[in-house]
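Enquirer: Could you have a look at this structure, given as structure tokens, before my questions?
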Amino acid sequence: MVTRKISALYDAALASEGINVAQFAMLRNIARSQPISLTDLARRLELDRSTMGRNVRVIEKMGLVEMGKGEDQREAVVKLTTAGEVLLARALPLWEACQDDMAKRLGQDRLDTIGELLSLL
């Protein structure tokens, strides 16, 4: 319930860019390690591989990422397109402003506590 409310705040902050917080997290993780295999991306975001594949296909259809073959031809890899890089650059300040707003509302100590508690799940 708490995570849904937090996600809703981030979703609202990112809505003007046409993405939600889960898609933002995928784009950020892809940007950090591109090209990245779907398996590694799924591991980082704590999702199963098939769910990650479906989620990546959504942002691929949006033109934000492209799929290809990795060094190991059996593994699919994903990287940002130019459009994905531009969108991520525009979305990052929105995400940061939402972070700042939550810290102001809750106080940094409470925000840190929420993060610690969620990490236990």
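All residue names refer to the structure tokens as shown: chains lettered A, B, ... in order, residues numbered from 1 in each chain, ligands numbered from 1 in order.
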Which polymer residues have any atom within 10 Å of an atom of stretch 10-23 of chain A, counting only C-alpha atoms, with same-chain residues fewer than 6 positions away left out, as a list in words?

Expert: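 So, after excluding close chain neighbours, the residues are Arg4, Asn29, Leu45, Asn55, Val56, Val58, Ile59, Met62, Leu87, Leu88, Arg90, Ala91, Leu92, Pro93, Leu94, Trp95, Glu96, Ala97, Cys98, Gln99 and Met102 of chain A.
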
Enquirer: Looking only at helix (DSSP H, G or I) from DSSP on the backbone, list the matching residues of stretch 44-92 of chain A as a list in words.

Expert: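 Everything in stretch 44-92 of chain A that counts as helix (DSSP H, G or I) is Arg44, Leu45, Arg49, Ser50, Thr51, Met52, Gly53, Arg54, Asn55, Val56, Arg57, Val58, Ile59, Glu60, Lys61, Thr82, Ala83, Gly84, Glu85, Val86, Leu87, Leu88, Ala89, Arg90, Ala91 and Leu92 of chain A.
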
Enquirer: Quick one: write out the picked residues with C-alpha atoms as a CSV table (one decimal), in the first residue's frame?

Expert:
chain,number,residue,atom,x,y,z
A,44,ARG,CA,19.0,-5.3,-11.1
A,45,LEU,CA,15.3,-4.5,-11.0
A,49,ARG,CA,13.4,-12.4,-17.1
A,50,SER,CA,10.0,-12.9,-19.0
A,51,THR,CA,8.4,-9.9,-17.2
A,52,MET,CA,11.5,-7.8,-18.0
A,53,GLY,CA,11.2,-8.8,-21.7
A,54,ARG,CA,7.6,-7.7,-21.8
A,55,ASN,CA,8.3,-4.4,-20.0
A,56,VAL,CA,11.3,-3.6,-22.4
A,57,ARG,CA,9.1,-4.3,-25.4
A,58,VAL,CA,6.7,-1.5,-24.3
A,59,ILE,CA,9.5,1.1,-24.1
A,60,GLU,CA,10.9,-0.3,-27.4
A,61,LYS,CA,7.6,0.4,-29.1
A,82,THR,CA,18.7,8.9,-29.0
A,83,ALA,CA,15.0,9.5,-28.1
A,84,GLY,CA,15.5,7.5,-24.9
A,85,GLU,CA,18.5,9.5,-23.9
A,86,VAL,CA,16.7,12.8,-24.6
A,87,LEU,CA,13.6,11.7,-22.6
A,88,LEU,CA,15.7,10.4,-19.7
A,89,ALA,CA,17.5,13.8,-19.6
A,90,ARG,CA,14.2,15.6,-19.4
A,91,ALA,CA,12.7,13.2,-16.9
A,92,LEU,CA,15.6,13.2,-14.4

Enquirer: Please report the interatomic distance between atom CA of A:Leu111 and atom CA of A:Phe24 in Å with one decimal.

Expert: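 Separating atom CA of A:Leu111 from atom CA of A:Phe24 is a distance of 20.0 Å.
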
Enquirer: Between atom CA of A:Met67 and atom CA of A:Thr81, what is the distance in Å, rounded to a tenth?

Expert: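 Calculated distance between atom CA of A:Met67 and atom CA of A:Thr81 is 9.8 Å.
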
Enquirer: When you count only C-alpha atoms, which of these residues is closest to A:Gln34: A:Val78, A:Ala103, A:Ile114, A:Leu47?

Expert: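 Ranked by minimum distance to A:Gln34, first place goes to A:Val78.
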
Enquirer: If you measure from atom CA of A:Ser37 to atom CA of A:Gly70, what distance in Å do you get, rounded to one decimal?

Expert: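 Atom CA of A:Ser37 sits 7.1 Å away from atom CA of A:Gly70.
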
Enquirer: Counting only C-alpha atoms, what is within 9 Å of A:Gly68, bar same-chain residues fewer than 6 positions away, as a ChimeraX atom specification?

Expert: /A:35,75-79

Enquirer: Choose the residue, out of A:Leu80, A:Glu66, A:Ser7, A:Asp48, that has the smallest atom-to-atom separation from A:Arg28; count only C-alpha atoms.

Expert: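 Using only C-alpha atoms, A:Arg28 sits closest to A:Leu80.
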
Enquirer: Check the DSSP output for the backbone and give back, as a ChimeraX atom specification, the residues of chain A in strand (DSSP E or B).

Expert: /A:36-37,65-69,76-80
